[in-house]
file model_34.txt (compact mmCIF, C-alpha atoms)
# COMPACT_ATOMS: atom_id res chain seq x y z
CA MET A 1046 -17.13 -19.58 11.38
CA LYS A 1047 -16.60 -22.64 9.21
CA ILE A 1048 -12.82 -22.53 9.78
CA ARG A 1049 -13.35 -22.29 13.55
CA ARG A 1050 -15.62 -25.34 13.52
CA ILE A 1051 -13.12 -27.36 11.50
CA LEU A 1052 -10.32 -26.33 13.88
CA SER A 1053 -12.40 -27.31 16.94
CA VAL A 1054 -13.16 -30.74 15.50
CA PHE A 1055 -9.47 -31.24 14.71
CA LEU A 1056 -8.35 -30.32 18.24
CA LEU A 1057 -10.98 -32.57 19.79
CA SER A 1058 -9.81 -35.47 17.63
CA VAL A 1059 -6.22 -34.92 18.76
CA LEU A 1060 -7.25 -34.95 22.44
CA LEU A 1061 -9.27 -38.14 22.04
CA ALA A 1062 -6.40 -39.83 20.24
CA ALA A 1063 -4.05 -38.84 23.05
CA LEU A 1064 -6.38 -40.43 25.59
CA PHE A 1065 -6.50 -43.72 23.70
CA LEU A 1066 -2.74 -43.78 23.19
CA THR A 1067 -1.82 -43.09 26.86
CA PRO A 1068 -0.26 -46.24 28.35
CA CYS A 1069 -2.19 -47.67 31.34
CA ALA A 1070 -0.93 -49.71 34.29
CA TYR A 1071 -3.48 -52.40 35.07
CA ALA A 1072 -3.77 -52.95 38.82
CA ILE A 1073 -3.30 -56.49 40.12
CA ASP A 1074 -6.49 -58.01 41.45
CA GLU A 1075 -6.37 -58.41 45.22
CA PRO A 1076 -6.61 -61.90 46.71
CA THR A 1077 -9.98 -63.17 47.90
CA LEU A 1078 -9.74 -64.13 51.57
CA ASP A 1079 -12.02 -65.07 54.45
CA ALA A 1080 -9.63 -63.72 57.10
CA ARG A 1081 -10.73 -60.80 59.25
CA ASN A 1082 -7.14 -59.48 59.20
CA ALA A 1083 -4.35 -60.28 56.78
CA LEU A 1084 -0.80 -59.24 55.93
CA LEU A 1085 1.77 -60.39 53.36
CA ILE A 1086 5.40 -59.32 53.56
CA ASP A 1087 8.23 -60.00 51.13
CA VAL A 1088 10.99 -60.34 53.72
CA THR A 1089 13.74 -60.49 51.11
CA ALA A 1090 12.67 -57.20 49.55
CA ASP A 1091 11.54 -55.80 52.93
CA ARG A 1092 8.24 -54.74 51.42
CA VAL A 1093 4.56 -55.05 52.27
CA LEU A 1094 2.76 -56.72 49.37
CA TYR A 1095 -0.72 -56.83 50.84
CA GLY A 1096 -2.51 -55.69 53.95
CA TYR A 1097 -6.10 -55.87 55.13
CA LYS A 1098 -6.92 -54.38 58.53
CA GLU A 1099 -3.36 -55.34 59.46
CA LYS A 1100 -3.20 -52.78 62.27
CA GLU A 1101 -6.62 -53.54 63.70
CA LYS A 1102 -6.64 -55.28 67.09
CA ALA A 1103 -7.44 -58.99 67.04
CA TYR A 1104 -6.96 -62.07 69.21
CA PRO A 1105 -3.70 -63.85 68.31
CA ALA A 1106 -4.44 -67.14 70.15
CA SER A 1107 -1.37 -69.42 70.22
CA ILE A 1108 0.64 -67.22 67.87
CA THR A 1109 1.37 -65.53 71.21
CA LYS A 1110 3.90 -68.32 71.78
CA VAL A 1111 6.25 -66.71 69.25
CA MET A 1112 6.87 -63.92 71.76
CA THR A 1113 7.28 -66.49 74.53
CA ALA A 1114 9.92 -68.34 72.50
CA LEU A 1115 11.68 -65.08 71.65
CA LEU A 1116 12.09 -64.11 75.31
CA VAL A 1117 13.39 -67.60 76.17
CA LEU A 1118 15.96 -67.53 73.36
CA GLU A 1119 17.08 -64.03 74.31
CA ALA A 1120 17.57 -65.20 77.91
CA VAL A 1121 19.74 -68.00 76.53
CA ASP A 1122 21.74 -65.49 74.49
CA ARG A 1123 22.36 -63.44 77.64
CA GLY A 1124 23.62 -66.54 79.45
CA GLU A 1125 20.79 -66.55 81.98
CA LEU A 1126 19.62 -69.97 80.78
CA SER A 1127 21.06 -72.76 78.64
CA LEU A 1128 19.33 -75.01 76.15
CA SER A 1129 20.41 -78.15 78.00
CA GLN A 1130 19.38 -76.78 81.39
CA PRO A 1131 16.84 -79.04 83.16
CA ILE A 1132 13.63 -77.16 83.97
CA THR A 1133 11.18 -78.41 86.59
CA ALA A 1134 7.48 -77.81 85.91
CA SER A 1135 5.61 -76.23 88.83
CA ASN A 1136 2.11 -77.20 89.88
CA VAL A 1137 0.88 -73.70 88.98
CA ALA A 1138 2.34 -73.92 85.49
CA VAL A 1139 0.61 -77.19 84.58
CA THR A 1140 -2.72 -76.67 86.34
CA SER A 1141 -3.47 -73.07 85.30
CA ILE A 1142 -4.57 -74.04 81.78
CA THR A 1143 -8.00 -75.19 80.66
CA ALA A 1144 -8.49 -78.93 80.37
CA ASP A 1145 -9.50 -78.78 76.70
CA SER A 1146 -6.59 -76.58 75.59
CA SER A 1147 -3.54 -77.69 73.63
CA THR A 1148 -1.12 -79.69 75.80
CA VAL A 1149 1.51 -82.43 75.77
CA GLY A 1150 0.61 -83.59 79.26
CA ILE A 1151 3.54 -82.23 81.26
CA LYS A 1152 3.10 -83.08 84.95
CA ALA A 1153 3.98 -81.15 88.08
CA ASP A 1154 7.64 -81.73 89.09
CA GLU A 1155 8.43 -83.19 85.67
CA VAL A 1156 11.94 -82.27 84.58
CA MET A 1157 12.69 -81.52 80.94
CA PRO A 1158 15.59 -79.78 79.15
CA LEU A 1159 14.75 -76.23 78.11
CA GLU A 1160 15.28 -77.02 74.41
CA GLU A 1161 12.73 -79.85 74.58
CA LEU A 1162 10.23 -77.47 76.17
CA LEU A 1163 10.70 -75.15 73.19
CA TYR A 1164 9.84 -78.04 70.85
CA CYS A 1165 6.71 -78.74 72.87
CA LEU A 1166 5.84 -75.04 72.76
CA LEU A 1167 6.24 -74.47 69.02
CA ILE A 1168 5.44 -77.84 67.40
CA GLU A 1169 2.53 -79.08 69.53
CA SER A 1170 1.63 -75.61 70.85
CA ALA A 1171 1.61 -76.86 74.44
CA ASN A 1172 0.11 -74.25 76.76
CA GLU A 1173 1.66 -75.67 79.92
CA ALA A 1174 5.09 -75.58 78.23
CA ALA A 1175 4.60 -71.84 77.76
CA ASN A 1176 3.92 -71.45 81.50
CA VAL A 1177 6.92 -73.58 82.48
CA LEU A 1178 9.23 -71.53 80.24
CA ALA A 1179 7.77 -68.28 81.53
CA GLU A 1180 8.62 -69.23 85.11
CA ALA A 1181 12.10 -70.32 84.04
CA VAL A 1182 12.80 -66.88 82.54
CA ALA A 1183 11.09 -64.54 85.02
CA GLY A 1184 10.30 -66.55 88.16
CA THR A 1185 6.54 -66.06 87.88
CA ILE A 1186 4.06 -65.97 85.02
CA PRO A 1187 2.89 -62.37 85.79
CA ASP A 1188 6.50 -61.14 85.78
CA PHE A 1189 7.08 -62.87 82.45
CA VAL A 1190 3.97 -61.23 80.98
CA ASP A 1191 5.40 -57.85 82.00
CA LYS A 1192 8.54 -58.72 80.06
CA MET A 1193 6.40 -59.71 77.05
CA ASN A 1194 4.67 -56.33 77.01
CA GLN A 1195 7.92 -54.45 77.50
CA ARG A 1196 9.60 -56.34 74.64
CA ALA A 1197 6.60 -55.71 72.40
CA LYS A 1198 7.00 -51.96 72.95
CA GLU A 1199 10.72 -52.19 72.20
CA LEU A 1200 9.92 -53.89 68.88
CA GLY A 1201 7.53 -51.10 67.91
CA CYS A 1202 4.28 -52.97 68.55
CA GLU A 1203 1.59 -50.34 69.07
CA GLY A 1204 -1.52 -52.55 69.12
CA THR A 1205 -0.42 -55.39 71.37
CA HIS A 1206 -1.14 -56.29 74.99
CA PHE A 1207 -0.42 -59.68 76.51
CA VAL A 1208 -2.10 -61.24 79.55
CA ASN A 1209 -0.53 -64.72 79.44
CA PRO A 1210 2.36 -66.51 77.68
CA ASN A 1211 0.22 -69.05 75.77
CA GLY A 1212 -2.60 -67.13 74.05
CA LEU A 1213 -5.58 -68.58 75.92
CA HIS A 1214 -8.45 -66.18 75.43
CA ASP A 1215 -8.74 -63.03 77.48
CA PRO A 1216 -10.50 -59.84 76.31
CA ASN A 1217 -7.38 -57.85 77.20
CA HIS A 1218 -5.02 -60.18 75.34
CA TYR A 1219 -4.71 -58.90 71.79
CA SER A 1220 -2.34 -57.98 68.98
CA THR A 1221 -2.39 -57.02 65.30
CA ALA A 1222 -1.18 -58.72 62.14
CA TRP A 1223 1.49 -56.02 61.79
CA ASP A 1224 2.74 -56.45 65.37
CA ILE A 1225 2.84 -60.22 64.93
CA TYR A 1226 5.11 -59.68 61.92
CA LEU A 1227 7.45 -57.47 63.97
CA ILE A 1228 7.71 -60.12 66.68
CA ALA A 1229 8.17 -62.96 64.18
CA ARG A 1230 10.85 -61.04 62.30
CA GLU A 1231 12.84 -60.71 65.52
CA ALA A 1232 12.30 -64.34 66.50
CA MET A 1233 13.47 -65.55 63.10
CA LYS A 1234 16.90 -64.07 63.79
CA HIS A 1235 17.38 -67.10 66.05
CA GLU A 1236 18.29 -70.20 64.05
CA LEU A 1237 16.79 -72.58 66.62
CA PHE A 1238 13.42 -70.86 66.35
CA THR A 1239 13.22 -71.37 62.58
CA THR A 1240 14.55 -74.93 62.92
CA ILE A 1241 11.83 -75.89 65.39
CA CYS A 1242 9.03 -74.12 63.48
CA SER A 1243 9.97 -75.90 60.26
CA SER A 1244 10.04 -79.33 61.93
CA LYS A 1245 7.20 -81.64 60.95
CA SER A 1246 7.78 -83.83 63.99
CA HIS A 1247 10.11 -84.33 66.93
CA ASN A 1248 10.77 -86.99 69.56
CA VAL A 1249 11.09 -85.81 73.14
CA PRO A 1250 13.15 -88.21 75.30
CA ALA A 1251 11.62 -89.82 78.34
CA THR A 1252 11.58 -87.80 81.56
CA ASN A 1253 11.23 -88.56 85.25
CA LYS A 1254 7.46 -88.48 84.85
CA SER A 1255 6.78 -89.63 81.32
CA LYS A 1256 7.82 -91.92 78.52
CA GLY A 1257 9.17 -90.38 75.35
CA ARG A 1258 6.78 -88.11 73.47
CA GLU A 1259 6.29 -87.92 69.70
CA LEU A 1260 5.38 -84.40 68.60
CA HIS A 1261 3.67 -83.51 65.33
CA SER A 1262 3.30 -80.02 63.88
CA THR A 1263 -0.05 -78.27 64.04
CA ASN A 1264 0.83 -76.45 60.81
CA ALA A 1265 -0.91 -78.29 57.98
CA LEU A 1266 1.06 -76.31 55.38
CA ILE A 1267 4.17 -78.31 56.30
CA SER A 1268 2.73 -81.54 57.73
CA ASN A 1269 -0.23 -83.74 56.78
CA TRP A 1270 -0.02 -85.85 59.95
CA ARG A 1271 -3.04 -84.15 61.53
CA MET A 1272 -5.03 -83.26 58.41
CA LEU A 1273 -4.79 -83.73 54.67
CA GLY A 1274 -5.14 -81.39 51.73
CA TYR A 1275 -3.25 -78.29 52.86
CA LEU A 1276 0.43 -78.98 52.16
CA TYR A 1277 2.22 -76.04 50.56
CA ASN A 1278 5.46 -76.99 48.83
CA TYR A 1279 7.41 -73.86 49.77
CA ALA A 1280 6.21 -73.47 53.38
CA ASP A 1281 8.72 -73.79 56.23
CA GLY A 1282 6.78 -72.61 59.29
CA LEU A 1283 5.76 -70.90 61.49
CA LYS A 1284 2.90 -70.98 64.06
CA THR A 1285 -0.78 -71.77 64.28
CA GLY A 1286 -3.38 -70.41 66.69
CA SER A 1287 -7.02 -71.13 67.39
CA THR A 1288 -9.66 -70.26 69.97
CA PRO A 1289 -13.43 -69.83 69.52
CA GLU A 1290 -13.02 -66.08 69.95
CA ALA A 1291 -9.91 -65.69 67.78
CA GLY A 1292 -10.99 -68.04 65.03
CA ARG A 1293 -8.36 -69.89 63.04
CA CYS A 1294 -5.05 -68.01 62.81
CA LEU A 1295 -1.80 -68.75 61.05
CA LEU A 1296 1.62 -67.12 60.86
CA ALA A 1297 3.18 -68.75 57.78
CA SER A 1298 6.58 -68.55 56.13
CA ALA A 1299 7.64 -69.78 52.69
CA VAL A 1300 10.67 -69.60 50.42
CA LYS A 1301 10.51 -69.82 46.63
CA ASP A 1302 13.17 -68.79 44.09
CA GLY A 1303 15.18 -67.12 46.83
CA ARG A 1304 12.26 -65.01 48.03
CA ARG A 1305 10.97 -65.42 51.58
CA LEU A 1306 7.38 -64.38 52.19
CA ILE A 1307 5.61 -64.17 55.52
CA SER A 1308 1.82 -64.24 55.64
CA ILE A 1309 -0.43 -63.62 58.62
CA VAL A 1310 -4.15 -64.40 58.63
CA LEU A 1311 -6.33 -63.90 61.70
CA GLY A 1312 -9.96 -64.68 62.43
CA CYS A 1313 -10.49 -67.29 59.71
CA PRO A 1314 -13.56 -69.56 59.79
CA VAL A 1315 -14.05 -73.24 59.08
CA LYS A 1316 -15.97 -73.19 55.81
CA ASN A 1317 -17.86 -75.83 53.86
CA ILE A 1318 -16.49 -76.00 50.32
CA ASN A 1319 -17.93 -78.59 47.94
CA GLY A 1320 -19.27 -80.59 50.85
CA GLN A 1321 -16.00 -80.56 52.80
CA ASN A 1322 -15.15 -78.48 55.85
CA LYS A 1323 -12.04 -76.44 55.15
CA ILE A 1324 -9.91 -74.65 57.73
CA MET A 1325 -9.60 -71.32 55.97
CA SER A 1326 -6.46 -70.20 57.79
CA PHE A 1327 -4.53 -72.76 55.73
CA VAL A 1328 -6.52 -72.06 52.54
CA ASP A 1329 -6.12 -68.30 52.87
CA SER A 1330 -2.42 -68.53 53.70
CA ALA A 1331 -1.69 -70.67 50.65
CA ALA A 1332 -3.74 -68.33 48.45
CA LEU A 1333 -1.96 -65.29 49.85
CA LEU A 1334 1.49 -66.80 49.36
CA ASP A 1335 0.64 -67.86 45.80
CA TRP A 1336 -0.66 -64.37 45.09
CA GLY A 1337 2.62 -62.87 46.27
CA TYR A 1338 4.79 -65.20 44.23
CA ASN A 1339 2.65 -65.04 41.07
CA ASN A 1340 2.11 -61.28 40.91
CA PHE A 1341 5.48 -59.85 41.93
CA SER A 1342 8.95 -60.50 40.63
CA VAL A 1343 12.44 -59.05 40.90
CA LYS A 1344 13.33 -57.03 37.80
CA THR A 1345 16.65 -55.52 36.75
CA ILE A 1346 16.18 -51.79 36.26
CA PHE A 1347 19.75 -50.66 35.53
CA THR A 1348 23.24 -52.09 35.42
CA THR A 1349 26.42 -50.10 35.97
CA GLU A 1350 26.94 -50.17 32.20
CA ASP A 1351 23.73 -48.26 31.47
CA LEU A 1352 24.15 -44.53 30.88
CA ILE A 1353 21.38 -42.64 32.66
CA GLN A 1354 21.59 -39.10 31.30
CA GLU A 1355 23.90 -36.17 30.72
CA VAL A 1356 24.38 -33.65 33.51
CA PRO A 1357 25.61 -30.07 32.94
CA VAL A 1358 29.29 -29.30 33.54
CA ALA A 1359 30.79 -25.91 34.40
CA LEU A 1360 34.39 -24.58 34.39
CA SER A 1361 35.47 -26.58 31.34
CA LYS A 1362 35.97 -25.67 27.68
CA GLU A 1363 36.28 -29.35 26.81
CA THR A 1364 32.55 -30.06 27.19
CA ASN A 1365 29.42 -28.66 28.81
CA GLY A 1366 28.01 -32.04 29.92
CA VAL A 1367 29.03 -35.47 31.20
CA LEU A 1368 27.15 -38.77 31.14
CA VAL A 1369 26.42 -40.56 34.42
CA HIS A 1370 25.70 -44.20 35.30
CA ALA A 1371 24.39 -46.01 38.37
CA ALA A 1372 26.94 -46.81 41.08
CA GLU A 1373 25.61 -50.38 41.31
CA ASP A 1374 23.24 -52.72 39.53
CA VAL A 1375 19.66 -51.85 40.45
CA SER A 1376 17.14 -54.67 40.84
CA PHE A 1377 14.05 -54.75 43.00
CA LEU A 1378 10.61 -56.25 43.40
CA LEU A 1379 7.87 -54.91 41.13
CA PRO A 1380 4.29 -55.89 40.42
CA ASN A 1381 4.22 -57.89 37.21
CA ASP A 1382 2.06 -55.26 35.53
CA VAL A 1383 4.68 -52.54 36.15
CA THR A 1384 7.61 -52.44 33.74
CA PRO A 1385 10.90 -50.61 34.42
CA ASP A 1386 10.11 -47.92 31.84
CA MET A 1387 7.00 -46.97 33.82
CA LEU A 1388 9.05 -45.92 36.83
CA VAL A 1389 9.38 -42.21 37.51
CA ARG A 1390 13.03 -41.15 37.58
CA LYS A 1391 14.13 -38.11 39.56
CA VAL A 1392 17.77 -37.15 39.07
CA THR A 1393 19.37 -34.78 41.56
CA VAL A 1394 22.80 -33.33 40.74
CA TYR A 1395 24.72 -32.13 43.77
CA GLY A 1396 24.80 -28.34 43.53
CA ASP A 1397 22.59 -28.52 40.40
CA THR A 1398 25.75 -28.47 38.22
CA ALA A 1399 28.85 -30.63 38.08
CA TYR A 1400 32.06 -28.60 38.31
CA ALA A 1401 35.28 -29.55 36.55
CA PRO A 1402 37.73 -31.11 37.15
CA ILE A 1403 35.77 -34.39 37.19
CA GLU A 1404 37.25 -37.86 37.47
CA ALA A 1405 35.58 -40.91 35.93
CA GLY A 1406 33.68 -42.67 38.70
CA GLN A 1407 33.22 -39.50 40.73
CA GLU A 1408 29.85 -39.26 42.51
CA LEU A 1409 27.87 -36.41 41.00
CA GLY A 1410 24.32 -36.96 42.26
CA GLU A 1411 21.60 -39.51 42.86
CA MET A 1412 18.43 -40.83 41.29
CA THR A 1413 15.20 -41.96 42.92
CA LEU A 1414 12.93 -44.48 41.22
CA SER A 1415 9.25 -44.45 42.14
CA TYR A 1416 5.85 -45.54 40.92
CA ASP A 1417 2.38 -44.65 42.07
CA GLY A 1418 3.75 -42.67 45.02
CA TYR A 1419 6.02 -45.47 46.28
CA THR A 1420 9.80 -44.96 46.18
CA TYR A 1421 11.48 -48.22 45.24
CA ALA A 1422 15.13 -47.21 45.34
CA THR A 1423 17.64 -44.37 45.52
CA VAL A 1424 20.91 -44.94 43.66
CA LYS A 1425 24.12 -42.91 43.48
CA LEU A 1426 25.16 -41.57 40.07
CA LEU A 1427 28.79 -41.62 38.94
CA ALA A 1428 30.56 -39.80 36.10
CA ALA A 1429 31.23 -42.02 33.10
CA ASP A 1430 34.22 -39.93 31.89
CA SER A 1431 36.80 -37.49 33.17
CA VAL A 1432 36.48 -33.78 32.37
CA SER A 1433 39.41 -31.32 32.56
CA VAL A 1434 39.11 -27.84 34.07
CA ASN A 1435 39.88 -24.51 32.39
CA ARG A 1436 42.15 -22.60 34.80
CA PHE A 1437 40.88 -19.16 33.77
CA LEU A 1438 37.24 -20.16 34.30
CA GLN A 1439 38.19 -21.86 37.54
CA GLY A 1440 39.98 -18.75 38.84
CA LYS A 1441 37.07 -16.55 37.85
CA TYR A 1442 34.69 -18.91 39.60
CA ILE A 1443 36.82 -19.01 42.76
CA LEU A 1444 36.96 -15.21 42.89
CA GLY A 1445 33.23 -15.01 42.32
CA GLN A 1446 32.61 -17.50 45.08
CA PHE A 1447 34.96 -15.62 47.39
CA PHE A 1448 33.31 -12.26 46.85
CA SER A 1449 29.85 -13.76 47.09
CA LYS A 1450 30.41 -14.62 50.75
CA THR A 1451 28.48 -12.43 53.16
CA ILE A 1452 31.45 -11.62 55.36
CA VAL A 1453 33.54 -10.67 52.32
CA LYS A 1454 30.73 -8.44 51.06
CA ILE A 1455 30.51 -6.72 54.43
CA ILE A 1456 34.27 -6.19 54.61
CA THR A 1457 34.32 -4.86 51.03
CA ILE A 1458 31.53 -2.38 51.77
CA VAL A 1459 33.31 -1.23 54.94
CA VAL A 1460 36.59 -0.72 53.05
CA ILE A 1461 34.83 1.22 50.26
CA LEU A 1462 33.01 3.44 52.78
CA LEU A 1463 36.23 4.03 54.67
CA ALA A 1464 38.02 4.98 51.45
CA LEU A 1465 35.22 7.40 50.50
CA PHE A 1466 35.33 8.93 53.95
CA LEU A 1467 39.07 9.50 53.68
CA VAL A 1468 38.71 11.09 50.26
CA VAL A 1469 35.98 13.43 51.47
CA TRP A 1470 37.91 14.23 54.60
CA PHE A 1471 41.04 15.15 52.67
CA LYS A 1472 39.14 17.14 50.06
CA MET A 1473 36.53 18.97 52.07
CA LEU A 1474 36.86 18.55 55.80
CA ARG A 1475 40.63 18.95 56.35
CA PRO A 1476 41.43 22.30 58.20
CA ARG A 1477 42.95 25.03 55.99
CA LYS A 1478 46.13 27.03 56.95
CA ARG A 1479 45.48 30.43 58.52
CA TYR A 1480 48.05 32.23 56.46
CA SER A 1481 48.63 31.97 52.76
CA SER A 1482 51.97 30.91 51.47
CA ARG A 1483 54.48 33.64 51.06
CA ARG A 1484 55.39 34.40 47.54
CA LYS A 1485 58.70 35.75 46.47
CA ASN A 1486 59.06 38.93 44.38
CA GLY A 1487 62.01 40.53 42.84
CA SER A 1488 63.20 42.31 46.03
CA GLY A 1489 62.25 39.80 48.58
CA PHE A 1490 58.69 39.70 50.04
CA ARG A 1491 55.72 40.98 48.09
CA ASN A 1492 54.37 44.45 49.09
CA TYR A 1493 56.88 44.98 51.87
CA ARG A 1494 57.70 48.67 51.99
CA GLY A 1495 59.76 48.88 55.05
CA ARG A 1496 59.04 50.38 58.46
CA ARG A 1497 57.42 53.73 58.85
CA ARG A 1498 59.17 56.35 60.71
call {"tool": "encode", "arguments": {"input": "model_34.txt", "output": "structure tokens"}}
result
Amino acid sequence: MKIRRILSVFLLSVLLAALFLTPCAYAIDEPTLDARNALLIDVTADRVLYGYKEKEKAYPASITKVMTALLVLEAVDRGELSLSQPITASNVAVTSITADSSTVGIKADEVMPLEELLYCLLIESANEAANVLAEAVAGTIPDFVDKMNQRAKELGCEGTHFVNPNGLHDPNHYSTAWDIYLIAREAMKHELFTTICSSKSHNVPATNKSKGRELHSTNALISNWRMLGYLYNYADGLKTGSTPEAGRCLLASAVKDGRRLISIVLGCPVKNINGQNKIMSFVDSAALLDWGYNNFSVKTIFTTEDLIQEVPVALSKETNGVLVHAAEDVSFLLPNDVTPDMLVRKVTVYGDTAYAPIEAGQELGEMTLSYDGYTYATVKLLAADSVSVNRFLQGKYILGQFFSKTIVKIITIVVILLALFLVVWFKMLRPRKRYSSRRKNGSGFRNYRGRRR
């Protein structure tokens, strides 16, 4: 009994020690935000860094104008419109917006180049400019809205429905943070879109109805002309939005150390902080971008010089294994509390075994790298050295492979059965002769005595 107790205590001590020695990955604290919906994407790494109710329906307000700009630019790409083309504002376009909404004061029958309308749309967030552009693309605003909804479906937006091209509130006009990202990602493929969205200001030349206009960005992350205290050094766009129902919204873009991040915050309040009213869409966006840059970094996992492991080799007497290395340098974005050695490696060798002859640089398999259920990369594995083949083993293997084929097995069985049948037929089933062979005796035929008389 005493020995059993001592053994139990010893085993328990070992288990406890193992628990204390097990390495732990400490999770990164999530950002503290006031937004009702939020999303952070590392565009460079094509990876979601943070999401909060990102696929829940919300009102996008003037972020809607990103889709409007996308359809205009795509019409230009198709040759249906040109950037220098003069566009005349209709009475419907300029009078169908609320008096207190965002505007640059475009008048009915005012003529303005299409490119200048895009600046009015994206820098000053002019609602009437959205209507004018919609009519230029589709003829009527309702027809343009149909195009908006169709394009949203094509981009994979599952939680979006548009009612107008400017984002003025309507209960049936909604989107999600995720869908906004999909639309913005497509729009950012157009250089003019990113150029306009990153502009702090712009001068619109005089028109037939107005003197020149000076535009100033509504995005306080890139411009302090409208409000102070929100500038973010790495920000370069993109679009603000605000209605009483939607709250304060911001689609923001930033680039730091070669990494582009896009953040989306919807439904932010205006909050009193230390006696000052703060627009939390700008505060939350800056906090979210900082969180992404400070808690994630690109790390080198392998180079082509690193030997991964040895894989088994068959058909050679030279060696029974060959070392493999990655086909390319492997670097990707990781949380700062995750080190490369914590990644789970899964090596798959094609056919489970490498067969000689093998040439150095030959692709033998692949390796996946994952952590906490997320696969970060899949990389091809190449042989580090050449391996010669043994001809006897190779011939034996080829014969084995040949006779292992189903059709060959069937033919072999048929041939064997046919051979057995022939043997049996010749031995047992062949008809015997009616008369026995004549045998010679000394006088001629055996037992012949001549004819009786």
call {"tool": "residues_around", "arguments": {"input": "model_34.txt", "residues": "Ser1415 (chain A)", "least_positions_apart": "4", "cutoff": "6 Å", "atoms": "all atoms listed in the file", "output": "ChimeraX atom specification"}}
result
/A:1388-1389,1419-1421
call {"tool": "write_last_selection", "arguments": {"input": "model_34.txt", "atoms": "C-alpha atoms", "output": "JSON list (two decimals), keeping the file's coordinate frame"}}
result
[["chain", "number", "residue", "atom", "x", "y", "z"],
["A", 1388, "LEU", "CA", 9.05, -45.92, 36.83],
["A", 1389, "VAL", "CA", 9.38, -42.21, 37.51],
["A", 1419, "TYR", "CA", 6.02, -45.47, 46.28],
["A", 1420, "THR", "CA", 9.80, -44.96, 46.18],
["A", 1421, "TYR", "CA", 11.48, -48.22, 45.24]]
call {"tool": "closest_residue", "arguments": {"input": "model_34.txt", "among": "A:Glu1169, A:Asp1335, A:Asp1191, A:Glu1290", "to": "His1261 (chain A)", "atoms": "only C-alpha atoms"}}
result
A:Glu1169
call {"tool": "residues_around", "arguments": {"input": "model_34.txt", "residues": "Asn1209 (chain A)", "least_positions_apart": "6", "cutoff": "9 Å", "atoms": "all atoms listed in the file", "output": "list in words"}}
result
Thr1109, Ala1175, Asn1176, Ile1186, Pro1187, Phe1189, Val1190, Met1193, Asp1215 and His1218 of chain A
call {"tool": "residues_around", "arguments": {"input": "model_34.txt", "residues": "Leu1237 (chain A)", "least_positions_apart": "4", "cutoff": "12 Å", "atoms": "all atoms listed in the file", "output": "VMD selection string"}}
result
chain A and resid 1114 to 1115 1117 to 1119 1121 to 1122 1128 1160 to 1161 1163 to 1164 1167 1232 to 1233 1241 to 1244
call {"tool": "write_last_selection", "arguments": {"input": "model_34.txt", "atoms": "C-alpha atoms", "output": "CSV table (one decimal), keeping the file's coordinate frame"}}
result
chain,number,residue,atom,x,y,z
A,1114,ALA,CA,9.9,-68.3,72.5
A,1115,LEU,CA,11.7,-65.1,71.6
A,1117,VAL,CA,13.4,-67.6,76.2
A,1118,LEU,CA,16.0,-67.5,73.4
A,1119,GLU,CA,17.1,-64.0,74.3
A,1121,VAL,CA,19.7,-68.0,76.5
A,1122,ASP,CA,21.7,-65.5,74.5
A,1128,LEU,CA,19.3,-75.0,76.2
A,1160,GLU,CA,15.3,-77.0,74.4
A,1161,GLU,CA,12.7,-79.8,74.6
A,1163,LEU,CA,10.7,-75.2,73.2
A,1164,TYR,CA,9.8,-78.0,70.8
A,1167,LEU,CA,6.2,-74.5,69.0
A,1232,ALA,CA,12.3,-64.3,66.5
A,1233,MET,CA,13.5,-65.6,63.1
A,1241,ILE,CA,11.8,-75.9,65.4
A,1242,CYS,CA,9.0,-74.1,63.5
A,1243,SER,CA,10.0,-75.9,60.3
A,1244,SER,CA,10.0,-79.3,61.9
call {"tool": "closest_residue", "arguments": {"input": "model_34.txt", "among": "A:Val1111, A:Ser1135, A:Met1412, A:Val1177", "to": "His1235 (chain A)", "atoms": "only C-alpha atoms"}}
result
A:Val1111
call {"tool": "closest_residue", "arguments": {"input": "model_34.txt", "among": "A:Leu1352, A:Gly1212, A:Met1325, A:Thr1345", "to": "Ser1170 (chain A)", "atoms": "all atoms listed in the file"}}
result
A:Gly1212
call {"tool": "atom_distance", "arguments": {"input": "model_34.txt", "atom1": "CA of Glu1259 (chain A)", "atom2": "CA of Pro1314 (chain A)"}}
result
28.8 Å
call {"tool": "closest_residue", "arguments": {"input": "model_34.txt", "among": "A:Glu1075, A:Glu1180, A:Glu1199, A:Glu1231", "to": "Val1088 (chain A)", "atoms": "all atoms listed in the file"}}
result
A:Glu1231
call {"tool": "residues_around", "arguments": {"input": "model_34.txt", "residues": "region 1341-1344 of chain A", "least_positions_apart": "3", "cutoff": "8 Å", "atoms": "all atoms listed in the file", "output": "ChimeraX atom specification"}}
result
/A:1337-1338,1376-1381,1385
call {"tool": "write_last_selection", "arguments": {"input": "model_34.txt", "atoms": "C-alpha atoms", "output": "PDB file, in the frame of the given file"}}
result
ATOM      1  CA  GLY A1337       2.620 -62.870  46.270  1.00  0.00           C
ATOM      2  CA  TYR A1338       4.790 -65.200  44.230  1.00  0.00           C
ATOM      3  CA  SER A1376      17.140 -54.670  40.840  1.00  0.00           C
ATOM      4  CA  PHE A1377      14.050 -54.750  43.000  1.00  0.00           C
ATOM      5  CA  LEU A1378      10.610 -56.250  43.400  1.00  0.00           C
ATOM      6  CA  LEU A1379       7.870 -54.910  41.130  1.00  0.00           C
ATOM      7  CA  PRO A1380       4.290 -55.890  40.420  1.00  0.00           C
ATOM      8  CA  ASN A1381       4.220 -57.890  37.210  1.00  0.00           C
ATOM      9  CA  PRO A1385      10.900 -50.610  34.420  1.00  0.00           C
TER      10      PRO A1385
END
